[in-house]
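Asks: Handing you a structure now.
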Amino acid sequence: MSRKFNDSGNTGDSSDLSDSSAALETAYRHALRFHEARHSQPPAASADFNALLEAFGGPTPETGAPAAEVIERLVVAAEPGLMGTAGARFFSWVVGGSHPVGVAADWLTSVWGQNAGCYQGAPAGAVAEQVAAQWLVDILHLPRECSVGFTTGATMSNFVCLAAARGALLRRVGWDVELDGMFGAPPITVCIGDDAHASVLASLRYLGFGERRVVRIATDEAGRMKVAALRVALARCPGPLIVIAQAGHIMTGAFDPIDDIATLTQARGGWLHVDGAFGLWARASPARAHLARGFDRADSWATDAHKWLQAPYECGCAFVRDADAHRRAMTIGASYLPDAGDAIRDPLHYAPELSRRARGFALWALLRAFGREGVAAMIERHCVLAGRMAQRLAVVPGIEILNEVALNQFVVQFGAGEAAQQHDALTVETIARIQAAGVCHAAGARWRGREVMRVSVISWPTTEEDIDRAADSMIAAWRGVRGRHAKEVLDERRTAMQA
Ligand SMILES: Cc1ncc(COP(=O)(O)O)c(C=O)c1O
């Protein structure tokens, strides 16, 4: 067979074995270099959109290129546009740091190329998933009878759990939503805290609940659902009921008062779902478990392994107490898809996708590498580090921490004591300076009508030294902004006096 060669004299034929091995070796070399430099990596991308477009762009390739060269080009194009999310001083969003054990397992998952939809398509993938599921239920102290699905993230895990809830509740009132859909179905009331994560509302939209139809329950200063408000709402809404509670608020890390919520929901025969994208992991740490005590009273739980377990993206977990409701909501069947039978787990019954990556390998490897103790120690370490950074900041005049730092999250305002408009502007300016300094990355948000900086300590490589360097940089940025502001105020006064 004659082979067509491209400009550089190499074959673009995808069956060229030496070239594909070179591609893997190139990726390995760059991955190792990237990993080893994690403490000195810039926390934010240096290239802007146009630079990245130029680096990746160009006309549609007509001919192939040597695989290893393509990987080299990919690295050159991508690296200036990488965020330091896998690094040690990235605090902006609640994102894990892709631990190398999970990444290594994930490389193999890609090379093995298993289609983990059904057992027959990926037997090892299905069994790794089953074992990882059992270990997770154990580590998170969830009810033994839970069935577990692995998804792309907490958004889809919330979706899976709420789909199971919708099916089970409607079946109880004689409606088969899986067959007959939502048109004409008896209404379900969905109660959710006013401070729920935006992605839960997206999941509700996908399920036909409609964002405007859900009943928003007032929350307190830390973002926790107010039980009295829930009680009032429930009294007004008869019929099938879903209540969605939160373990770990995105700003403050606060937990909803689950015992009261569970009692009220259960008294109504409702389904209690928990969005615990990161906060559910507190249950794995003996030192923090009290924060999430009682959350096992729920009917379903969503969490992310790509957050606190440091799994590579995309790895969410959906736990449903009623295994039958879970399976009915998600199952896919076709004559060409071999059924593994009742004794063997077929992943396609528990998550929305059919063809998908074998997420179980990375999960299994991470849980095996950390062990129960390692997971607990990491969670505790991050909470202690968050407290350390908050304390360092809190003693500086003009910096205020707006929440009790019980978990790994906190909210900061710069310019405390100034008028609202001033401290908003000072906070925005300080965040910009912190990001420009390039020591760490923390981002802004609006919280209770104020501009704030959010800090989330959740990445495996973060050390005390990283926390101190980041805190020093934040304090220096604030002092710079405060100095400029003080000079401006002085100048204004002088001008006013001269006038
Ligand atoms: C509380 C909470 N729920 C849901 C999500 C959505 O998770 P994912 O991005 O994995 O879909 C997040 C993400 O940060 C979160 O913090």
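Residues are named by chain letter and number: chains run A, B, ... in the order of the structure tokens, numbers start at 1 in each chain, and ligands are numbered from 1 in the order shown.
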Taking only C-alpha atoms and all ligand atoms and a cut-off of 8 Å, can you tell me which residues surround ligand 1, written as a compact mmCIF listing (two decimals) with N, CA, C and O atoms, in the first residue's frame?

Replies:
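Okay, out-v5.txt is ready:
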# COMPACT_ATOMS: atom_id res chain seq x y z
N TRP A 93 -12.26 29.56 42.18
CA TRP A 93 -13.50 28.81 42.10
C TRP A 93 -13.29 27.50 42.83
O TRP A 93 -12.16 27.13 43.15
N VAL A 94 -14.40 26.81 43.07
CA VAL A 94 -14.28 25.56 43.82
C VAL A 94 -13.88 24.46 42.85
O VAL A 94 -14.71 23.71 42.35
N VAL A 95 -12.57 24.40 42.58
CA VAL A 95 -12.10 23.42 41.61
C VAL A 95 -10.95 22.61 42.21
O VAL A 95 -10.06 23.17 42.83
N THR A 152 -20.78 13.80 34.42
CA THR A 152 -19.74 14.78 34.06
C THR A 152 -19.47 15.78 35.17
O THR A 152 -18.47 16.49 35.13
N GLY A 153 -20.37 15.91 36.14
CA GLY A 153 -20.15 16.87 37.23
C GLY A 153 -21.41 17.00 38.07
O GLY A 153 -22.40 16.30 37.86
N ALA A 154 -21.35 17.92 39.03
CA ALA A 154 -22.49 18.05 39.95
C ALA A 154 -23.76 18.52 39.25
O ALA A 154 -24.86 18.15 39.64
N THR A 155 -23.60 19.31 38.19
CA THR A 155 -24.79 19.76 37.46
C THR A 155 -25.57 18.54 36.98
O THR A 155 -26.79 18.43 37.19
N MET A 156 -24.87 17.60 36.36
CA MET A 156 -25.56 16.42 35.85
C MET A 156 -25.93 15.44 36.96
O MET A 156 -26.90 14.70 36.84
N SER A 157 -25.18 15.46 38.05
CA SER A 157 -25.56 14.59 39.17
C SER A 157 -26.85 15.10 39.81
O SER A 157 -27.73 14.31 40.18
N ASN A 158 -26.96 16.43 39.94
CA ASN A 158 -28.23 16.98 40.42
C ASN A 158 -29.36 16.58 39.47
O ASN A 158 -30.45 16.21 39.89
N ALA A 196 -29.27 28.74 46.39
CA ALA A 196 -28.83 27.49 45.75
C ALA A 196 -27.88 27.83 44.60
O ALA A 196 -27.94 28.92 44.03
N HIS A 197 -27.03 26.88 44.26
CA HIS A 197 -26.11 27.09 43.15
C HIS A 197 -26.90 27.17 41.84
O HIS A 197 -27.86 26.43 41.64
N ALA A 198 -26.44 28.06 40.96
CA ALA A 198 -27.16 28.31 39.71
C ALA A 198 -27.35 27.02 38.89
O ALA A 198 -28.35 26.86 38.18
N SER A 199 -26.40 26.10 39.02
CA SER A 199 -26.48 24.88 38.19
C SER A 199 -27.65 23.98 38.61
O SER A 199 -28.12 23.18 37.80
N VAL A 200 -28.10 24.11 39.86
CA VAL A 200 -29.25 23.27 40.27
C VAL A 200 -30.50 23.77 39.55
O VAL A 200 -31.35 22.97 39.11
N GLN A 246 -28.73 22.28 50.59
CA GLN A 246 -27.35 22.49 50.14
C GLN A 246 -26.36 22.15 51.25
O GLN A 246 -26.51 22.60 52.38
N ALA A 247 -25.35 21.37 50.88
CA ALA A 247 -24.24 21.09 51.80
C ALA A 247 -23.04 21.84 51.26
O ALA A 247 -22.39 21.37 50.32
N GLY A 248 -22.77 23.01 51.79
CA GLY A 248 -21.62 23.79 51.32
C GLY A 248 -22.03 24.89 50.37
O GLY A 248 -22.23 24.65 49.18
N HIS A 249 -22.17 26.09 50.93
CA HIS A 249 -22.54 27.24 50.10
C HIS A 249 -21.32 27.74 49.34
O HIS A 249 -20.22 27.81 49.90
N ILE A 250 -21.55 28.10 48.08
CA ILE A 250 -20.44 28.47 47.19
C ILE A 250 -19.61 29.66 47.70
O ILE A 250 -18.44 29.79 47.38
N ASP A 275 -27.68 19.08 47.26
CA ASP A 275 -26.57 19.47 46.39
C ASP A 275 -25.35 19.65 47.30
O ASP A 275 -25.27 20.61 48.05
N GLY A 276 -24.45 18.69 47.21
CA GLY A 276 -23.26 18.74 48.06
C GLY A 276 -22.01 18.69 47.20
O GLY A 276 -21.09 17.91 47.49
N ALA A 277 -21.98 19.51 46.17
CA ALA A 277 -20.93 19.43 45.15
C ALA A 277 -19.54 19.34 45.78
O ALA A 277 -18.70 18.57 45.35
N PHE A 278 -19.31 20.16 46.81
CA PHE A 278 -18.03 20.02 47.52
C PHE A 278 -18.25 19.75 49.01
O PHE A 278 -17.54 18.98 49.63
N GLY A 279 -19.35 20.34 49.58
CA GLY A 279 -19.54 20.27 51.03
C GLY A 279 -19.83 18.87 51.55
O GLY A 279 -19.54 18.57 52.71
N THR A 303 -22.59 15.09 44.29
CA THR A 303 -21.29 15.67 44.65
C THR A 303 -20.33 15.55 43.48
O THR A 303 -20.67 14.97 42.44
N ASP A 304 -19.16 16.13 43.65
CA ASP A 304 -18.15 16.10 42.59
C ASP A 304 -16.88 15.43 43.08
O ASP A 304 -16.33 15.82 44.11
N HIS A 306 -14.39 15.63 40.97
CA HIS A 306 -13.37 16.55 40.41
C HIS A 306 -13.24 17.82 41.25
O HIS A 306 -12.52 18.73 40.86
N LYS A 307 -13.91 17.85 42.39
CA LYS A 307 -13.63 18.94 43.34
C LYS A 307 -12.72 18.36 44.43
O LYS A 307 -11.55 18.20 44.23
N GLU A 314 -14.02 14.88 33.74
CA GLU A 314 -15.29 15.27 34.33
C GLU A 314 -15.73 14.13 35.22
O GLU A 314 -15.91 13.03 34.73
N CYS A 315 -15.95 14.39 36.49
CA CYS A 315 -16.33 13.29 37.38
C CYS A 315 -17.25 13.74 38.51
O CYS A 315 -16.80 14.22 39.55
N GLY A 316 -18.54 13.61 38.27
CA GLY A 316 -19.55 13.89 39.29
C GLY A 316 -20.16 12.58 39.78
O GLY A 316 -20.07 11.55 39.11

Asks: Neighbours of range 324-328 of chain A within 7 Å (only C-alpha atoms; same-chain residues fewer than 5 positions away dropped), as a PyMOL selection string?

Replies: chain A and resi 164+167-168+349-350

Asks: Restricted to all heavy atoms, what would the selected residues look like written as a PDB file, in the first residue's frame?

Replies:
ATOM      1  N   ALA A 164     -34.758  11.127  39.164  1.00  0.00           N
ATOM      2  CA  ALA A 164     -35.244   9.984  39.964  1.00  0.00           C
ATOM      3  C   ALA A 164     -36.366  10.450  40.892  1.00  0.00           C
ATOM      4  O   ALA A 164     -37.398   9.766  41.037  1.00  0.00           O
ATOM      5  CB  ALA A 164     -34.090   9.394  40.768  1.00  0.00           C
ATOM      6  N   GLY A 167     -39.625  11.048  38.904  1.00  0.00           N
ATOM      7  CA  GLY A 167     -40.276   9.781  38.523  1.00  0.00           C
ATOM      8  C   GLY A 167     -40.953   9.126  39.709  1.00  0.00           C
ATOM      9  O   GLY A 167     -42.104   8.687  39.634  1.00  0.00           O
ATOM     10  N   ALA A 168     -40.231   9.061  40.839  1.00  0.00           N
ATOM     11  CA  ALA A 168     -40.770   8.346  42.018  1.00  0.00           C
ATOM     12  C   ALA A 168     -42.007   9.058  42.555  1.00  0.00           C
ATOM     13  O   ALA A 168     -43.017   8.409  42.870  1.00  0.00           O
ATOM     14  CB  ALA A 168     -39.690   8.269  43.099  1.00  0.00           C
ATOM     15  N   HIS A 349     -27.314   2.354  33.190  1.00  0.00           N
ATOM     16  CA  HIS A 349     -28.584   2.487  33.911  1.00  0.00           C
ATOM     17  C   HIS A 349     -28.555   3.621  34.927  1.00  0.00           C
ATOM     18  O   HIS A 349     -29.562   3.900  35.573  1.00  0.00           O
ATOM     19  CB  HIS A 349     -28.917   1.191  34.656  1.00  0.00           C
ATOM     20  CG  HIS A 349     -29.162   0.041  33.725  1.00  0.00           C
ATOM     21  ND1 HIS A 349     -29.995   0.133  32.638  1.00  0.00           N
ATOM     22  CD2 HIS A 349     -28.678  -1.219  33.723  1.00  0.00           C
ATOM     23  CE1 HIS A 349     -30.010  -1.023  31.999  1.00  0.00           C
ATOM     24  NE2 HIS A 349     -29.226  -1.867  32.632  1.00  0.00           N
ATOM     25  N   TYR A 350     -27.413   4.274  35.098  1.00  0.00           N
ATOM     26  CA  TYR A 350     -27.291   5.199  36.234  1.00  0.00           C
ATOM     27  C   TYR A 350     -26.871   6.619  35.858  1.00  0.00           C
ATOM     28  O   TYR A 350     -26.726   7.466  36.734  1.00  0.00           O
ATOM     29  CB  TYR A 350     -26.302   4.616  37.257  1.00  0.00           C
ATOM     30  CG  TYR A 350     -26.711   3.232  37.672  1.00  0.00           C
ATOM     31  CD1 TYR A 350     -26.132   2.107  37.098  1.00  0.00           C
ATOM     32  CD2 TYR A 350     -27.747   3.059  38.587  1.00  0.00           C
ATOM     33  CE1 TYR A 350     -26.554   0.831  37.442  1.00  0.00           C
ATOM     34  CE2 TYR A 350     -28.171   1.789  38.940  1.00  0.00           C
ATOM     35  CZ  TYR A 350     -27.574   0.679  38.358  1.00  0.00           C
ATOM     36  OH  TYR A 350     -28.003  -0.572  38.695  1.00  0.00           O
TER      37      TYR A 350
END

Asks: Using Å and a single decimal, report how far CA of Asn403 in chain A sits from CA of Arg224 in chain A.

Replies: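 Going from CA of Arg224 in chain A over to CA of Asn403 in chain A covers 12.1 Å.
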
Asks: Could you name the residues that touch Val214 in chain A at 8 Å or less, counting only C-alpha atoms, but leaving out those on the same chain fewer than 4 positions away, as a list in words?

Replies: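 Non-adjacent residues within range: Thr189, Val190, Cys191, Ile192, Phe209 and Gly210 of chain A.
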
Asks: Please, what distance in Å, to one decimal, runs between CA of Ser18 in chain A and CA of Thr109 in chain A?

Replies: 20.7 Å

Asks: Hey, which of A:Ile139, A:Cys383, A:Ala369, A:Ala44 ends up closest to Ile434 in chain A? Count only C-alpha atoms.

Replies: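 Under the stated criterion, the closest residue is A:Ala44.
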
Asks: In Å, how far is it from CA of Val76 in chain A to CA of Arg38 in chain A?

Replies: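 Separation between CA of Val76 in chain A and CA of Arg38 in chain A: 17.3 Å.
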
Asks: Find the residues around Asp468 in chain A up to 8 Å (only C-alpha atoms counted), leave out those fewer than 4 positions away in its own chain, and share them as a list of chain:residue names.

Replies: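 Returned residues: A:Met389, A:Glu464, A:Asp472.
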
Asks: At a cut-off of 9 Å, using only C-alpha atoms, what residues contact Leu108 in chain A? Leave out same-chain residues fewer than 5 positions from it and give the result as JSON, numbers by chain.

Replies: {"A": [103, 113, 361]}

Asks: So that I can check the surroundings of Ala222 in chain A, please list as JSON, numbers by chain every protein, DNA and RNA residue that reaches within 10 Å of it, counting only C-alpha atoms and ignoring chain neighbours fewer than 5 positions away.

Replies: {"A": [195, 249, 251, 252, 253, 254, 255, 256, 402, 403, 404, 447, 448]}

Asks: Generate a file of the selected residues that holds C-alpha atoms, formatted as a PDB file, in the first residue's frame.

Replies:
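File part12.pdb, as written:
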ATOM      1  CA  ASP A 195     -28.849  30.774  47.630  1.00  0.00           C
ATOM      2  CA  HIS A 249     -22.540  27.238  50.096  1.00  0.00           C
ATOM      3  CA  MET A 251     -19.463  31.667  49.070  1.00  0.00           C
ATOM      4  CA  THR A 252     -19.449  30.806  52.751  1.00  0.00           C
ATOM      5  CA  GLY A 253     -19.292  27.011  52.760  1.00  0.00           C
ATOM      6  CA  ALA A 254     -22.394  27.030  55.010  1.00  0.00           C
ATOM      7  CA  PHE A 255     -24.668  24.004  55.388  1.00  0.00           C
ATOM      8  CA  ASP A 256     -28.459  24.143  55.388  1.00  0.00           C
ATOM      9  CA  LEU A 402     -17.622  38.269  55.942  1.00  0.00           C
ATOM     10  CA  ASN A 403     -18.293  34.732  57.133  1.00  0.00           C
ATOM     11  CA  GLU A 404     -17.322  32.271  59.787  1.00  0.00           C
ATOM     12  CA  TRP A 447     -22.606  38.809  47.813  1.00  0.00           C
ATOM     13  CA  ARG A 448     -25.462  40.371  49.749  1.00  0.00           C
TER      14      ARG A 448
END

Asks: Could you pull out the residues in range 344-488 of chain A that DSSP calls strand (DSSP E) from the backbone, as an MDAnalysis selection string?

Replies: chainID A and resid 399:401 409:414 443:447 450:456

Asks: Skip Glu54 in chain A itself and residues of its chain fewer than 3 positions away, then list as a short mmCIF file (atom, residue, chain, number, x, y, z; two decimals) with all heavy atoms, in the first residue's frame all residues within 12 Å of it, counting only C-alpha atoms.

Replies:
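Writing done, so here's out.cif:
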data_model
loop_
_atom_site.label_atom_id
_atom_site.label_comp_id
_atom_site.auth_asym_id
_atom_site.auth_seq_id
_atom_site.Cartn_x
_atom_site.Cartn_y
_atom_site.Cartn_z
N ALA A 47 -1.96 34.62 27.79
CA ALA A 47 -2.40 35.00 26.44
C ALA A 47 -3.87 35.40 26.45
O ALA A 47 -4.67 34.83 27.20
CB ALA A 47 -2.21 33.81 25.51
N ASP A 48 -4.21 36.37 25.59
CA ASP A 48 -5.63 36.75 25.52
C ASP A 48 -6.31 35.97 24.40
O ASP A 48 -5.69 35.17 23.69
CB ASP A 48 -5.78 38.27 25.36
CG ASP A 48 -5.21 38.77 24.05
OD1 ASP A 48 -4.90 37.93 23.17
OD2 ASP A 48 -5.06 39.99 23.89
N PHE A 49 -7.59 36.24 24.23
CA PHE A 49 -8.41 35.50 23.27
C PHE A 49 -7.80 35.55 21.86
O PHE A 49 -7.65 34.51 21.20
CB PHE A 49 -9.83 36.08 23.27
CG PHE A 49 -10.73 35.48 22.26
CD1 PHE A 49 -11.31 34.23 22.47
CD2 PHE A 49 -10.99 36.13 21.05
CE1 PHE A 49 -12.15 33.66 21.52
CE2 PHE A 49 -11.82 35.56 20.10
CZ PHE A 49 -12.40 34.34 20.34
N ASN A 50 -7.42 36.77 21.42
CA ASN A 50 -6.92 36.89 20.04
C ASN A 50 -5.61 36.15 19.86
O ASN A 50 -5.39 35.51 18.82
CB ASN A 50 -6.76 38.37 19.67
CG ASN A 50 -8.14 38.99 19.46
OD1 ASN A 50 -9.07 38.31 19.02
ND2 ASN A 50 -8.28 40.26 19.82
N ALA A 51 -4.76 36.23 20.88
CA ALA A 51 -3.46 35.53 20.77
C ALA A 51 -3.71 34.02 20.69
O ALA A 51 -3.05 33.31 19.91
CB ALA A 51 -2.60 35.87 21.97
N GLY A 57 -5.43 28.90 15.44
CA GLY A 57 -6.22 29.08 14.21
C GLY A 57 -5.51 28.67 12.95
O GLY A 57 -4.54 27.93 12.95
N GLY A 58 -6.02 29.20 11.85
CA GLY A 58 -5.51 28.84 10.53
C GLY A 58 -6.60 28.15 9.75
O GLY A 58 -7.63 27.77 10.33
N PRO A 59 -6.38 27.98 8.46
CA PRO A 59 -7.41 27.32 7.65
C PRO A 59 -7.56 25.85 8.02
O PRO A 59 -6.66 25.26 8.65
CB PRO A 59 -6.85 27.46 6.22
CG PRO A 59 -5.39 27.70 6.39
CD PRO A 59 -5.19 28.36 7.72
N VAL A 76 2.51 24.31 22.60
CA VAL A 76 2.93 25.71 22.36
C VAL A 76 1.69 26.61 22.30
O VAL A 76 1.67 27.70 22.87
CB VAL A 76 3.75 25.81 21.06
CG1 VAL A 76 4.00 27.26 20.68
CG2 VAL A 76 5.07 25.06 21.23
N ALA A 77 0.64 26.15 21.64
CA ALA A 77 -0.56 26.98 21.50
C ALA A 77 -1.31 27.09 22.83
O ALA A 77 -1.80 28.16 23.19
CB ALA A 77 -1.48 26.38 20.44
N ALA A 78 -1.38 25.99 23.58
CA ALA A 78 -2.26 25.97 24.75
C ALA A 78 -1.63 26.57 26.00
O ALA A 78 -2.32 27.26 26.77
CB ALA A 78 -2.70 24.52 25.04
N GLY A 81 -2.38 29.85 27.44
CA GLY A 81 -3.80 30.06 27.74
C GLY A 81 -4.30 29.17 28.86
O GLY A 81 -5.51 29.04 29.05
#

Asks: I'd like to know which of A:Ala420, A:Val396, A:Ala365, A:Ala340 is closest to Pro123 in chain A, using only C-alpha atoms.

Replies: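 Closest candidate: A:Ala340.
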
Asks: When DSSP is applied to the backbone of this structure, which of range 68-303 of chain A are assigned alpha helix (DSSP H)? Write them out as a ChimeraX atom specification.

Replies: /A:68-78,100-112,123-139,154-172,177-180,198-206,227-236,258-267

Asks: I'd like to know which of A:Leu348, A:Val452, A:Ala31, A:Val412 is closest to Cys118 in chain A, using only C-alpha atoms.

Replies: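 Ranking A:Leu348, A:Val452, A:Ala31, A:Val412 by distance to Cys118 in chain A, first place goes to A:Leu348.
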